[in-house]
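Trainee: Input file: coords_9.csv. Contents: CSV, C-alpha atoms and all ligand atoms.
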```
chain,number,residue,atom,x,y,z
A,1,MET,CA,30.6,-28.8,11.4
A,2,PRO,CA,33.8,-28.2,9.4
A,3,GLU,CA,35.2,-24.7,9.4
A,4,TYR,CA,35.5,-24.4,5.6
A,5,ILE,CA,34.4,-26.5,2.6
A,6,ALA,CA,36.2,-26.1,-0.7
A,7,LYS,CA,34.0,-27.3,-3.6
A,8,THR,CA,35.5,-28.9,-6.7
A,9,LEU,CA,34.6,-31.1,-9.6
A,10,PHE,CA,34.2,-34.9,-9.4
A,11,GLY,CA,37.6,-36.7,-9.5
A,12,LEU,CA,39.6,-33.7,-8.4
A,13,GLU,CA,39.1,-34.1,-4.6
A,14,GLN,CA,42.5,-35.5,-4.0
A,15,VAL,CA,44.4,-32.9,-5.9
A,16,LEU,CA,42.5,-30.2,-4.1
A,17,ALA,CA,43.3,-31.8,-0.8
A,18,ASP,CA,47.0,-31.8,-1.8
A,19,GLU,CA,46.8,-28.1,-2.8
A,20,LEU,CA,45.2,-27.3,0.6
A,21,ARG,CA,47.9,-29.2,2.5
A,22,GLU,CA,50.5,-27.2,0.7
A,23,LEU,CA,48.8,-24.0,1.8
A,24,GLY,CA,48.9,-25.1,5.4
A,25,ALA,CA,45.3,-26.2,5.9
A,26,GLY,CA,44.4,-28.4,8.9
A,27,GLU,CA,41.9,-31.2,9.4
A,28,ILE,CA,41.6,-31.9,5.7
A,29,GLN,CA,38.9,-34.4,4.8
A,30,ILE,CA,37.9,-35.6,1.3
A,31,LEU,CA,34.1,-35.4,0.6
A,32,ASN,CA,32.1,-35.8,-2.6
A,33,ARG,CA,33.1,-33.0,-5.0
A,34,ALA,CA,34.5,-31.1,-2.0
A,35,VAL,CA,37.2,-31.1,0.7
A,36,SER,CA,36.7,-29.8,4.2
A,37,PHE,CA,39.5,-28.1,6.1
A,38,SER,CA,40.2,-25.8,9.0
A,39,GLY,CA,42.3,-22.6,9.3
A,40,ASP,CA,42.2,-19.0,10.1
A,41,LYS,CA,41.0,-16.0,8.1
A,42,LYS,CA,44.5,-15.7,6.5
A,43,LEU,CA,44.1,-19.2,5.2
A,44,LEU,CA,40.6,-18.5,3.9
A,45,TYR,CA,42.0,-15.6,1.8
A,46,ARG,CA,45.0,-17.6,0.8
A,47,ALA,CA,42.8,-20.5,-0.4
A,48,ASN,CA,40.6,-18.2,-2.5
A,49,TYR,CA,43.6,-16.6,-4.0
A,50,ASN,CA,45.8,-19.6,-4.7
A,51,LEU,CA,43.7,-22.8,-5.2
A,52,ARG,CA,43.7,-23.9,-8.8
A,53,THR,CA,41.3,-26.8,-8.4
A,54,ALA,CA,38.6,-25.2,-6.1
A,55,LEU,CA,35.3,-23.7,-7.4
A,56,LYS,CA,34.2,-22.1,-4.2
A,57,ILE,CA,35.2,-21.8,-0.6
A,58,LEU,CA,32.1,-22.1,1.7
A,59,ILE,CA,31.9,-21.3,5.4
A,60,PRO,CA,29.2,-23.5,7.0
A,61,ILE,CA,26.6,-21.7,9.2
A,62,LYS,CA,24.1,-24.4,10.2
A,63,GLU,CA,22.9,-27.9,9.3
A,64,GLY,CA,19.6,-29.4,10.1
A,65,GLU,CA,16.8,-31.8,9.1
A,66,ILE,CA,13.7,-30.8,7.3
A,67,SER,CA,10.9,-32.6,5.5
A,68,ASN,CA,8.9,-29.9,3.8
A,69,GLU,CA,8.9,-26.3,2.6
A,70,GLN,CA,7.5,-24.9,5.8
A,71,GLU,CA,10.2,-26.6,7.9
A,72,LEU,CA,12.8,-25.3,5.6
A,73,TYR,CA,11.5,-21.8,6.0
A,74,GLU,CA,11.5,-22.2,9.8
A,75,PHE,CA,14.9,-23.7,9.9
A,76,VAL,CA,16.4,-20.8,7.9
A,77,ARG,CA,14.8,-18.4,10.4
A,78,THR,CA,16.7,-20.1,13.3
A,79,VAL,CA,19.9,-18.5,12.1
A,80,ASN,CA,20.5,-14.9,13.3
A,81,TRP,CA,21.2,-13.3,10.0
A,82,SER,CA,22.0,-9.9,11.4
A,83,ARG,CA,25.4,-11.5,12.3
A,84,PHE,CA,26.2,-11.3,8.6
A,85,LEU,CA,24.0,-8.7,7.1
A,86,GLY,CA,22.5,-5.2,7.8
A,87,VAL,CA,19.2,-3.9,6.4
A,88,GLU,CA,21.2,-1.7,4.0
A,89,ASP,CA,23.1,-4.7,2.6
A,90,THR,CA,22.2,-7.0,-0.3
A,91,LEU,CA,21.9,-10.8,-0.5
A,92,ALA,CA,21.6,-13.7,-3.0
A,93,VAL,CA,20.8,-17.3,-2.5
A,94,GLU,CA,22.3,-20.2,-4.4
A,95,VAL,CA,20.7,-23.6,-4.1
A,96,SER,CA,21.8,-27.1,-5.0
A,97,LEU,CA,19.4,-30.0,-4.6
A,98,SER,CA,20.0,-33.7,-4.1
A,99,THR,CA,16.6,-34.6,-2.7
A,100,ASN,CA,13.2,-35.8,-3.6
A,101,LEU,CA,11.6,-33.2,-1.4
A,102,PHE,CA,11.9,-30.3,-3.9
A,103,ARG,CA,12.4,-29.9,-7.6
A,104,HIS,CA,13.0,-26.3,-8.4
A,105,THR,CA,16.2,-24.7,-7.2
A,106,GLN,CA,15.0,-21.2,-8.0
A,107,TYR,CA,11.8,-21.6,-6.1
A,108,ILE,CA,13.7,-22.9,-3.0
A,109,ALA,CA,16.1,-20.1,-3.3
A,110,GLN,CA,13.2,-17.7,-3.2
A,111,LYS,CA,11.8,-19.5,0.0
A,112,ILE,CA,15.1,-19.2,1.7
A,113,LYS,CA,15.4,-15.5,0.8
A,114,ASP,CA,11.9,-14.9,2.1
A,115,ALA,CA,12.8,-16.5,5.5
A,116,VAL,CA,15.9,-14.2,5.8
A,117,VAL,CA,14.2,-11.0,4.8
A,118,ASP,CA,11.1,-11.7,6.9
A,119,GLN,CA,13.4,-12.1,9.9
A,120,PHE,CA,14.8,-8.6,9.2
A,121,ARG,CA,11.4,-7.0,8.6
A,122,GLU,CA,10.1,-8.3,11.9
A,123,ARG,CA,13.1,-7.3,13.9
A,124,PHE,CA,14.1,-4.0,12.2
A,125,GLY,CA,11.0,-2.9,10.2
A,126,SER,CA,13.2,-3.0,7.0
A,127,ARG,CA,15.0,-5.6,5.0
A,128,PRO,CA,18.1,-6.1,2.8
A,129,SER,CA,17.4,-6.3,-0.9
A,130,VAL,CA,18.4,-8.9,-3.4
A,131,ASN,CA,21.4,-8.4,-5.7
A,132,LEU,CA,22.1,-11.5,-7.7
A,133,ASP,CA,25.4,-10.3,-9.2
A,134,ASN,CA,27.3,-8.5,-6.4
A,135,PRO,CA,25.6,-9.2,-3.1
A,136,THR,CA,27.1,-8.4,0.3
A,137,LEU,CA,26.2,-12.0,1.3
A,138,ARG,CA,25.8,-14.9,-1.0
A,139,ILE,CA,24.1,-17.7,0.9
A,140,ASN,CA,24.7,-21.2,-0.3
A,141,ALA,CA,22.1,-23.9,0.5
A,142,PHE,CA,22.6,-27.5,-0.2
A,143,ILE,CA,19.8,-29.9,0.4
A,144,ASN,CA,20.9,-33.6,0.5
A,145,ASP,CA,17.9,-35.9,1.1
A,146,LYS,CA,16.4,-34.3,4.3
A,147,ILE,CA,19.6,-32.5,5.4
A,148,VAL,CA,19.9,-28.8,4.7
A,149,SER,CA,23.3,-27.1,5.0
A,150,LEU,CA,23.5,-23.3,5.0
A,151,SER,CA,26.8,-21.7,4.2
A,152,ARG,CA,28.3,-18.3,3.4
A,153,ASP,CA,30.0,-18.3,0.1
A,154,SER,CA,33.4,-16.5,0.5
A,155,SER,CA,34.3,-16.7,-3.1
A,156,GLY,CA,31.4,-15.0,-4.9
A,157,GLU,CA,31.7,-15.7,-8.5
A,158,SER,CA,33.0,-19.3,-9.1
A,159,LEU,CA,36.8,-19.5,-8.9
A,160,HIS,CA,37.1,-21.0,-12.3
A,161,ARG,CA,36.4,-17.6,-13.7
A,162,ARG,CA,40.0,-16.6,-13.6
A,163,GLY,CA,39.6,-13.4,-15.6
A,164,TYR,CA,41.6,-14.2,-18.8
A,165,ARG,CA,38.8,-15.5,-21.0
A,166,VAL,CA,37.2,-13.0,-23.3
A,167,LYS,CA,35.2,-15.3,-25.5
A,168,GLN,CA,34.3,-19.0,-25.5
A,169,GLY,CA,36.0,-21.2,-28.2
A,170,PRO,CA,34.3,-24.4,-29.4
A,171,ALA,CA,33.6,-26.5,-26.2
A,172,PRO,CA,36.0,-24.6,-23.9
A,173,MET,CA,37.2,-26.5,-20.9
A,174,ASN,CA,36.5,-25.3,-17.4
A,175,GLU,CA,39.7,-23.8,-16.0
A,176,VAL,CA,39.4,-25.8,-12.8
A,177,LEU,CA,39.1,-29.0,-14.8
A,178,ALA,CA,42.1,-28.0,-16.9
A,179,ALA,CA,44.3,-27.3,-13.8
A,180,GLY,CA,43.1,-30.5,-12.2
A,181,LEU,CA,44.0,-32.6,-15.3
A,182,ILE,CA,47.5,-31.1,-15.3
A,183,LYS,CA,47.9,-32.0,-11.7
A,184,LEU,CA,46.5,-35.5,-12.2
A,185,SER,CA,49.0,-36.0,-15.0
A,186,GLY,CA,51.9,-35.3,-12.6
A,187,TRP,CA,53.5,-32.8,-14.9
A,188,ASP,CA,56.8,-31.6,-13.3
A,189,CYS,CA,56.6,-28.1,-14.9
A,190,ALA,CA,60.0,-28.6,-16.5
A,191,MET,CA,59.5,-31.1,-19.3
A,192,PRO,CA,57.6,-30.0,-22.5
A,193,LEU,CA,53.8,-30.1,-22.3
A,194,VAL,CA,52.0,-30.3,-25.6
A,195,ASP,CA,48.3,-29.7,-26.3
A,196,PHE,CA,47.9,-30.2,-30.1
A,197,MET,CA,44.1,-29.6,-30.0
A,198,CYS,CA,44.3,-26.5,-27.8
A,199,GLY,CA,41.0,-24.7,-28.7
A,200,SER,CA,40.8,-21.5,-26.6
A,201,GLY,CA,44.0,-22.5,-24.8
A,202,THR,CA,42.7,-23.5,-21.4
A,203,ILE,CA,45.1,-26.4,-20.7
A,204,ALA,CA,48.2,-24.6,-22.0
A,205,ILE,CA,47.3,-21.4,-20.1
A,206,GLU,CA,46.7,-23.2,-16.8
A,207,ALA,CA,49.9,-25.1,-17.3
A,208,ALA,CA,51.9,-21.9,-17.9
A,209,LEU,CA,50.3,-20.2,-14.9
A,210,LEU,CA,51.2,-23.2,-12.8
A,211,SER,CA,54.8,-23.4,-14.0
A,212,LEU,CA,55.4,-19.6,-13.7
A,213,HIS,CA,54.0,-19.7,-10.1
A,214,ILE,CA,51.3,-17.2,-11.0
A,215,PRO,CA,48.4,-17.6,-8.5
A,216,PRO,CA,45.0,-17.6,-10.2
A,217,GLY,CA,44.0,-14.8,-7.9
A,218,ASP,CA,46.4,-12.4,-9.7
A,219,LEU,CA,43.9,-12.0,-12.5
A,220,ARG,CA,40.8,-11.9,-10.4
A,221,MET,CA,39.0,-8.6,-9.7
A,222,GLU,CA,37.0,-9.5,-6.6
A,223,TYR,CA,36.0,-12.1,-4.0
A,224,GLY,CA,32.7,-12.4,-2.0
A,225,PHE,CA,34.5,-12.0,1.4
A,226,GLN,CA,35.7,-8.5,0.3
A,227,ARG,CA,32.1,-7.2,0.9
A,228,TRP,CA,31.8,-8.6,4.4
A,229,ARG,CA,32.0,-6.5,7.6
A,230,ASP,CA,35.0,-8.4,8.9
A,231,TYR,CA,37.0,-8.0,5.7
A,232,GLU,CA,40.6,-7.1,6.4
A,233,PRO,CA,42.1,-5.4,3.3
A,234,GLU,CA,45.7,-5.3,4.8
A,235,LEU,CA,45.6,-9.0,5.4
A,236,PHE,CA,44.3,-9.6,1.9
A,237,ASN,CA,47.0,-7.3,0.4
A,238,GLU,CA,49.7,-9.3,2.3
A,239,ILE,CA,48.3,-12.6,0.8
A,240,SER,CA,48.2,-11.2,-2.7
A,241,LYS,CA,51.9,-10.3,-2.6
A,242,GLU,CA,53.0,-13.8,-1.4
A,243,ARG,CA,55.0,-15.5,-4.1
A,244,LYS,CA,56.9,-18.7,-4.7
A,245,PRO,CA,60.5,-18.0,-5.9
A,246,ALA,CA,60.6,-16.8,-9.6
A,247,ALA,CA,60.1,-19.6,-12.1
A,248,ASP,CA,62.0,-20.5,-15.2
A,249,GLU,CA,60.5,-18.5,-18.1
A,250,LYS,CA,61.7,-20.5,-21.0
A,251,ILE,CA,59.1,-21.9,-23.3
A,252,ASN,CA,58.0,-25.4,-22.5
A,253,VAL,CA,54.3,-25.3,-23.3
A,254,TYR,CA,53.3,-26.0,-26.9
A,255,ALA,CA,49.7,-25.3,-28.0
A,256,SER,CA,48.4,-25.9,-31.5
A,257,ASP,CA,45.0,-26.3,-33.3
A,258,ILE,CA,43.8,-26.7,-36.8
A,259,SER,CA,41.7,-23.6,-36.6
A,260,ALA,CA,43.5,-20.2,-37.0
A,261,ASP,CA,40.6,-18.4,-35.3
A,262,VAL,CA,40.8,-20.4,-32.1
A,263,VAL,CA,44.6,-20.1,-32.0
A,264,ARG,CA,44.2,-16.4,-32.2
A,265,LEU,CA,41.7,-16.5,-29.3
A,266,ALA,CA,44.0,-18.7,-27.3
A,267,GLN,CA,46.8,-16.3,-27.8
A,268,ARG,CA,44.6,-13.4,-26.6
A,269,HIS,CA,43.7,-15.4,-23.5
A,270,ALA,CA,47.4,-16.2,-22.9
A,271,GLN,CA,48.2,-12.5,-23.2
A,272,ASN,CA,45.5,-11.6,-20.7
A,273,ALA,CA,46.8,-14.2,-18.3
A,274,GLY,CA,50.4,-12.8,-18.7
A,275,VAL,CA,51.8,-16.2,-19.9
A,276,LEU,CA,52.3,-15.6,-23.7
A,277,LYS,CA,56.0,-15.8,-23.2
A,278,LYS,CA,55.7,-19.4,-21.9
A,279,ILE,CA,53.7,-20.9,-24.7
A,280,ARG,CA,54.5,-21.6,-28.4
A,281,PHE,CA,51.4,-21.4,-30.4
A,282,THR,CA,51.1,-22.9,-33.9
A,283,THR,CA,48.2,-23.3,-36.3
A,284,CYS,CA,48.3,-26.7,-37.9
A,285,HIS,CA,46.8,-30.2,-38.1
A,286,PHE,CA,48.3,-32.3,-35.3
A,287,ASN,CA,50.1,-34.5,-37.8
A,288,ASP,CA,52.2,-31.5,-38.8
A,289,LEU,CA,53.3,-30.4,-35.3
A,290,LEU,CA,56.9,-31.4,-34.6
A,291,PRO,CA,57.1,-32.3,-30.9
A,292,PRO,CA,60.1,-31.2,-28.8
A,293,PRO,CA,62.5,-34.0,-27.8
A,294,PRO,CA,61.3,-36.4,-25.1
A,295,PRO,CA,60.7,-36.9,-22.2
A,296,GLY,CA,57.4,-34.9,-22.4
A,297,LEU,CA,53.7,-34.9,-21.8
A,298,VAL,CA,50.8,-34.5,-24.1
A,299,ILE,CA,47.4,-33.5,-22.7
A,300,ILE,CA,44.6,-33.2,-25.2
A,301,ASN,CA,40.8,-32.7,-25.2
A,302,PRO,CA,39.7,-33.9,-28.6
A,303,PRO,CA,36.1,-33.4,-29.8
A,304,TYR,CA,33.7,-35.9,-28.3
A,305,GLY,CA,31.3,-36.1,-31.2
A,306,GLU,CA,28.5,-33.6,-30.5
A,307,ARG,CA,28.9,-32.2,-33.9
A,308,ILE,CA,30.8,-35.0,-35.8
A,309,GLU,CA,29.6,-38.3,-37.1
A,310,GLN,CA,30.8,-41.3,-35.0
A,311,GLN,CA,32.6,-42.8,-38.1
A,312,ASN,CA,34.6,-39.7,-38.7
A,313,LEU,CA,35.3,-39.3,-35.0
A,314,ASN,CA,36.6,-42.9,-34.8
A,315,GLY,CA,38.9,-42.0,-37.7
A,316,LEU,CA,40.1,-38.9,-35.9
A,317,TYR,CA,40.9,-40.8,-32.7
A,318,GLN,CA,42.7,-43.5,-34.8
A,319,GLN,CA,44.9,-40.7,-36.4
A,320,ILE,CA,45.6,-39.4,-32.9
A,321,GLY,CA,46.8,-42.8,-31.8
A,322,ASP,CA,48.9,-43.3,-34.9
A,323,ARG,CA,50.5,-39.9,-34.5
A,324,LEU,CA,51.3,-40.6,-30.8
A,325,LYS,CA,52.9,-44.0,-31.6
A,326,ASN,CA,55.0,-42.7,-34.5
A,327,SER,CA,56.1,-39.2,-33.3
A,328,TYR,CA,55.9,-39.1,-29.5
A,329,PRO,CA,58.1,-42.0,-28.2
A,330,GLY,CA,59.3,-41.2,-24.7
A,331,TYR,CA,56.1,-39.1,-24.0
A,332,ASP,CA,53.2,-39.8,-21.8
A,333,ALA,CA,49.9,-38.8,-23.5
A,334,TRP,CA,46.8,-38.1,-21.5
A,335,ILE,CA,43.5,-37.9,-23.3
A,336,ILE,CA,40.1,-36.8,-21.9
A,337,SER,CA,37.0,-38.0,-23.7
A,338,SER,CA,33.5,-39.0,-23.0
A,339,ASN,CA,33.3,-41.0,-26.2
A,340,ALA,CA,34.2,-44.6,-25.1
A,341,GLU,CA,33.7,-45.9,-28.7
A,342,ALA,CA,36.0,-43.4,-30.3
A,343,VAL,CA,38.6,-43.9,-27.6
A,344,LYS,CA,38.9,-47.6,-28.5
A,345,HIS,CA,40.2,-46.4,-32.0
A,346,ILE,CA,43.3,-44.8,-30.4
A,347,GLY,CA,44.7,-48.4,-30.4
A,348,LEU,CA,46.8,-48.1,-27.3
A,349,LYS,CA,46.2,-49.5,-23.8
A,350,PRO,CA,45.5,-46.8,-21.2
A,351,SER,CA,46.6,-47.0,-17.6
A,352,PRO,CA,45.3,-45.4,-15.4
A,353,ARG,CA,41.8,-44.5,-16.5
A,354,ILE,CA,40.5,-41.7,-14.3
A,355,ILE,CA,36.9,-40.7,-14.1
A,356,VAL,CA,36.3,-37.0,-14.4
A,357,TYR,CA,33.3,-34.9,-15.5
A,358,ASN,CA,33.5,-32.3,-18.3
A,359,GLY,CA,30.3,-30.4,-17.5
A,360,GLN,CA,27.6,-33.0,-17.4
A,361,LEU,CA,29.6,-35.5,-19.4
A,362,GLU,CA,31.2,-38.4,-17.7
A,363,CYS,CA,34.7,-38.8,-19.2
A,364,ARG,CA,37.8,-40.9,-18.9
A,365,PHE,CA,41.1,-39.2,-18.5
A,366,ASN,CA,43.4,-41.9,-19.9
A,367,ARG,CA,47.2,-42.1,-19.8
A,368,TYR,CA,49.1,-43.8,-22.7
A,369,SER,CA,52.8,-44.4,-22.1
A,370,LEU,CA,54.7,-44.2,-25.3
A,371,TYR,CA,57.8,-46.1,-24.6
A,372,ALA,CA,61.2,-45.2,-26.0
A,373,GLY,CA,63.5,-47.7,-24.4
A,374,SER,CA,63.0,-47.3,-20.7
A,375,LYS,CA,59.9,-45.8,-19.1
A,376,LYS,CA,60.3,-42.3,-17.6
A,377,THR,CA,58.5,-41.4,-14.4
A,378,THR,CA,57.1,-38.0,-13.7
A,379,LYS,CA,57.0,-36.2,-10.4
A,380,THR,CA,55.2,-33.1,-9.4
A,381,THR,CA,57.5,-30.4,-8.1
A,382,CYS,CA,55.7,-27.2,-9.0
A,401,LIG,C1,37.0,-29.8,-27.6
A,401,LIG,S1,38.0,-28.6,-28.5
A,401,LIG,C2,39.3,-28.3,-27.4
A,401,LIG,C3,38.8,-27.2,-26.4
A,401,LIG,C4,40.0,-26.7,-25.5
A,401,LIG,N1,40.4,-27.7,-24.6
A,401,LIG,C5,39.6,-25.4,-24.8
A,401,LIG,O1,39.7,-25.3,-23.6
A,401,LIG,O2,39.1,-24.5,-25.5
A,401,LIG,C6,38.8,-29.6,-29.7
A,401,LIG,C7,39.7,-28.8,-30.6
A,401,LIG,O3,40.3,-29.8,-31.5
A,401,LIG,C8,40.6,-29.1,-32.7
A,401,LIG,N2,40.9,-30.0,-33.8
A,401,LIG,C9,40.0,-30.9,-34.4
A,401,LIG,N3,40.6,-31.6,-35.3
A,401,LIG,C10,41.9,-31.2,-35.3
A,401,LIG,C11,43.1,-31.6,-36.1
A,401,LIG,N4,43.0,-32.5,-37.0
A,401,LIG,N5,44.3,-31.0,-35.7
A,401,LIG,C12,44.4,-30.1,-34.8
A,401,LIG,N6,43.3,-29.7,-34.1
A,401,LIG,C13,42.1,-30.2,-34.3
A,401,LIG,C14,39.4,-28.2,-32.9
A,401,LIG,O4,39.6,-27.1,-33.8
A,401,LIG,C15,39.0,-27.8,-31.4
A,401,LIG,O5,39.5,-26.5,-31.2
```
Represent the structure of the file as structure tokens.
Mentor:
Amino acid sequence: MPEYIAKTLFGLEQVLADELRELGAGEIQILNRAVSFSGDKKLLYRANYNLRTALKILIPIKEGEISNEQELYEFVRTVNWSRFLGVEDTLAVEVSLSTNLFRHTQYIAQKIKDAVVDQFRERFGSRPSVNLDNPTLRINAFINDKIVSLSRDSSGESLHRRGYRVKQGPAPMNEVLAAGLIKLSGWDCAMPLVDFMCGSGTIAIEAALLSLHIPPGDLRMEYGFQRWRDYEPELFNEISKERKPAADEKINVYASDISADVVRLAQRHAQNAGVLKKIRFTTCHFNDLLPPPPPGLVIINPPYGERIEQQNLNGLYQQIGDRLKNSYPGYDAWIISSNAEAVKHIGLKPSPRIIVYNGQLECRFNRYSLYAGSKKTTKTTC
């Protein structure tokens, strides 16, 4: 069994593996929506604090085969839970299923919780109680076909909850996805990055955090491992003070949107994240935004059509394509969309086309190179 498993979104496994390598992780292996790795406690804290493309860091406890509910119950009881919990502590169970054996995650979570607390009651005459929000131990159970994997969740609340968002804009992007797209684009943190459909500002804010070397953990209040018995506050303190050398603070992230309300919200989020100084915000139609001189990068997340008629959406994508061709020579433009029909109306040939998921929606993250004389290459240095 691997020492640690970092969970991520589909399509971001390689960028997460690269982030882990940079942090000094060993035995890195790419899995489906996850990367396994090894390291010490310091690395565990560092991973939670620094990784931009991880959702959770799990510590596997035990794996086994089961074929029904009773076997699941018995399997859970083969773990000595008093290694991780006392009767005065609290627990929560999170379940994901990829099996025909069971259908209801909540019911299975209940079964697993029963197995844990029954073990305590029999051994100690008393049991830990349930606390879904801030438990001492969050147990993660993944059932894949007949294999059940039990882990301790060291992160607690998902790591995409950075702590800067106060309110959702229209269709806000998951912070981990935004950070992953920026990394996939190969942005060098120096050239201008433009999101002319910025909504609540996720792409711009994640870009600014990355380029200012602000770890996502700086904004976070708490991690699951801080409630564990073996938590070492001095070690965590040390980790939270580690910094890459100071970064260039001049503005090179440009965020705009047609809606003044969402721009205000994005500004508030940027302020909370401590990156307002790095981003120039504008309220305008994308046709009215004047881009900084090339080379540069555009990353946008246009509407996919949940609330717009397809015909109008095709027109919107066509306008985006025209604007890119006419006003962004020397840029690379990356567009994420789940709407294959609308994407055709951009009128440019994408390469590469990377499959990612925005929530449940399968999307393509396409690059369009807008040549101005010779093609520029980008290289990640941040
Ligand atoms: C899917 S949302 C972007 C969400 C954003 N990535 C976030 O994390 O919140 C698409 C955005 O495009 C904006 N938009 C639509 N038409 C536009 C136009 N013509 N010019 C500029 N922005 C536009 C909308 O106001 C909306 O905020």
Trainee: Considering only C-alpha atoms and all ligand atoms, can you say which of A:Glu206, A:Glu249, A:Asp114, A:Glu309 comes closest to ligand LIG 401 (chain A)?
Mentor: A:Glu206
Trainee: Considering all atoms listed in the file, return as a ChimeraX atom specification whatever protein or nucleic-acid residues lie within 12 Å of stretch 64-80 of chain A, sequence-local ones (same chain, fewer than 2 positions apart) excluded.
Mentor: /A:1,60-62,82-86,93,99-104,107-120,122-123,139-151
Trainee: What does the list of residues within 7 Å of ligand LIG 401 (chain A) look like if you count only C-alpha atoms and all ligand atoms, written as a PyMOL selection string?
Mentor: chain A and resi 169-174+196-203+256-259+262+284-286+300-304
Trainee: For the residues in that selection, give me C-alpha atoms as a PDB file, keeping the file's coordinate frame.
Mentor:
```pdb
ATOM      1  CA  GLY A 169      36.000 -21.200 -28.200  1.00  0.00           C
ATOM      2  CA  PRO A 170      34.300 -24.400 -29.400  1.00  0.00           C
ATOM      3  CA  ALA A 171      33.600 -26.500 -26.200  1.00  0.00           C
ATOM      4  CA  PRO A 172      36.000 -24.600 -23.900  1.00  0.00           C
ATOM      5  CA  MET A 173      37.200 -26.500 -20.900  1.00  0.00           C
ATOM      6  CA  ASN A 174      36.500 -25.300 -17.400  1.00  0.00           C
ATOM      7  CA  PHE A 196      47.900 -30.200 -30.100  1.00  0.00           C
ATOM      8  CA  MET A 197      44.100 -29.600 -30.000  1.00  0.00           C
ATOM      9  CA  CYS A 198      44.300 -26.500 -27.800  1.00  0.00           C
ATOM     10  CA  GLY A 199      41.000 -24.700 -28.700  1.00  0.00           C
ATOM     11  CA  SER A 200      40.800 -21.500 -26.600  1.00  0.00           C
ATOM     12  CA  GLY A 201      44.000 -22.500 -24.800  1.00  0.00           C
ATOM     13  CA  THR A 202      42.700 -23.500 -21.400  1.00  0.00           C
ATOM     14  CA  ILE A 203      45.100 -26.400 -20.700  1.00  0.00           C
ATOM     15  CA  SER A 256      48.400 -25.900 -31.500  1.00  0.00           C
ATOM     16  CA  ASP A 257      45.000 -26.300 -33.300  1.00  0.00           C
ATOM     17  CA  ILE A 258      43.800 -26.700 -36.800  1.00  0.00           C
ATOM     18  CA  SER A 259      41.700 -23.600 -36.600  1.00  0.00           C
ATOM     19  CA  VAL A 262      40.800 -20.400 -32.100  1.00  0.00           C
ATOM     20  CA  CYS A 284      48.300 -26.700 -37.900  1.00  0.00           C
ATOM     21  CA  HIS A 285      46.800 -30.200 -38.100  1.00  0.00           C
ATOM     22  CA  PHE A 286      48.300 -32.300 -35.300  1.00  0.00           C
ATOM     23  CA  ILE A 300      44.600 -33.200 -25.200  1.00  0.00           C
ATOM     24  CA  ASN A 301      40.800 -32.700 -25.200  1.00  0.00           C
ATOM     25  CA  PRO A 302      39.700 -33.900 -28.600  1.00  0.00           C
ATOM     26  CA  PRO A 303      36.100 -33.400 -29.800  1.00  0.00           C
ATOM     27  CA  TYR A 304      33.700 -35.900 -28.300  1.00  0.00           C
TER      28      TYR A 304
END
```
Trainee: Interatomic distance between atom CA of A:Asn50 and atom CA of A:Ile335?
Mentor: 26.2 Å
Trainee: Write out as a short mmCIF file (atom, residue, chain, number, x, y, z; two decimals) with C-alpha atoms, keeping the file's coordinate frame each polymer residue whose atoms come within 12 Å of A:Ser158, counting all atoms listed in the file; drop sequence neighbours fewer than 3 positions from it.
Mentor:
```
data_model
loop_
_atom_site.label_atom_id
_atom_site.label_comp_id
_atom_site.auth_asym_id
_atom_site.auth_seq_id
_atom_site.Cartn_x
_atom_site.Cartn_y
_atom_site.Cartn_z
CA ALA A 6 36.20 -26.10 -0.70
CA LYS A 7 34.00 -27.30 -3.60
CA THR A 8 35.50 -28.90 -6.70
CA LEU A 9 34.60 -31.10 -9.60
CA ASN A 48 40.60 -18.20 -2.50
CA LEU A 51 43.70 -22.80 -5.20
CA ARG A 52 43.70 -23.90 -8.80
CA THR A 53 41.30 -26.80 -8.40
CA ALA A 54 38.60 -25.20 -6.10
CA LEU A 55 35.30 -23.70 -7.40
CA LYS A 56 34.20 -22.10 -4.20
CA ILE A 57 35.20 -21.80 -0.60
CA LEU A 58 32.10 -22.10 1.70
CA GLU A 94 22.30 -20.20 -4.40
CA ASP A 133 25.40 -10.30 -9.20
CA ARG A 138 25.80 -14.90 -1.00
CA ASP A 153 30.00 -18.30 0.10
CA SER A 154 33.40 -16.50 0.50
CA SER A 155 34.30 -16.70 -3.10
CA ARG A 161 36.40 -17.60 -13.70
CA ARG A 162 40.00 -16.60 -13.60
CA GLY A 163 39.60 -13.40 -15.60
CA ASN A 174 36.50 -25.30 -17.40
CA GLU A 175 39.70 -23.80 -16.00
CA VAL A 176 39.40 -25.80 -12.80
CA GLY A 217 44.00 -14.80 -7.90
CA ARG A 220 40.80 -11.90 -10.40
CA GLU A 222 37.00 -9.50 -6.60
CA TYR A 223 36.00 -12.10 -4.00
CA GLY A 224 32.70 -12.40 -2.00
#
```
